[in-house]
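> Submitted below is the structure of interest, expressed as structure tokens.
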Amino acid sequence: MDNVKLSHDAVLPGAKGLGGPFGCLNSARYGISWGAMGALEDCITRARNYALERHQFGRPLASFQLVQKKLADAHTEATLGLHATLQVGRLKDSGKVAPEMISMVKRNNCGKALEHSRRLLDILGGNACADE
């Protein structure tokens with residue numbers, strides 16, 4: 001990459017060194033953090049709706065404590081993840097965020113979204129694989 005010449009319009013404005021590309025990477029990580037929680041919220045909504053509609057032993061699935069616990073645990077983690085991401089966003093807006101904060105909230109939210117969406121699949125049973 002020695003002696004590479006770029007026109008003025010190909011240079012990131014205000015970027016010095018790798019700060020520009022790494023800033024884009026941090027913004028992407030921050031967005032992924034929100035997206036993971038959005039995906040988990042969708043899983044919660046779908047599992048909840050199914051648990052209310054599906055009856056087993058003459059009762060809705062949602063009336064069983066184990067199903068309620070899975071939904072409550074997932075909702076708790078989604079709420080915590082959203083609040084953590086919101087706080088990181090506020091720090092980002094005020095210029096007080098460290099890149100490590102963004103990485104941690106993204107790592108946590110992606111892990112929690114995977115963990116709880118897999119648990120919520122149990123509520124759907126075989127219907128998690130088919131769209132009826």
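Lettering and numbering for the structure tokens are positional, with chains as A, B, ... in the shown order, residues counted from 1 in each chain, and ligands counted from 1 in the shown order.
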Using 10 Å as the limit and counting only C-alpha atoms, can you tabulate each residue of range 66-88 of chain A that touches range 23-36 of chain A, with its shortest atom-to-atom distance in Å and the two atoms involved, as a tab-separated table?

residue	atom	partner	partner_atom	distance
A:Ala78	CA	A:Ala36	CA	9.1
A:Gly81	CA	A:Ser33	CA	8.2
A:Leu82	CA	A:Trp34	CA	7.0
A:Ala84	CA	A:Ser33	CA	9.5
A:Thr85	CA	A:Ser33	CA	6.8
A:Leu86	CA	A:Trp34	CA	8.8
A:Val88	CA	A:Tyr30	CA	8.4
> With distances taken over only C-alpha atoms, which of A:Leu40, A:Leu80, A:Ala98, A:Leu6 is nearest to Ala113 in chain A?
A:Leu40
> For CA of Arg48 in chain A and CA of Ile123 in chain A, quote the distance in Å rounded to one decimal.
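The value is 8.6 Å.
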> One decimal, in Å: what's the spacing between CA of Leu71 in chain A and CA of Ile44 in chain A?
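Spanning CA of Leu71 in chain A to CA of Ile44 in chain A is a straight-line distance of 6.6 Å.
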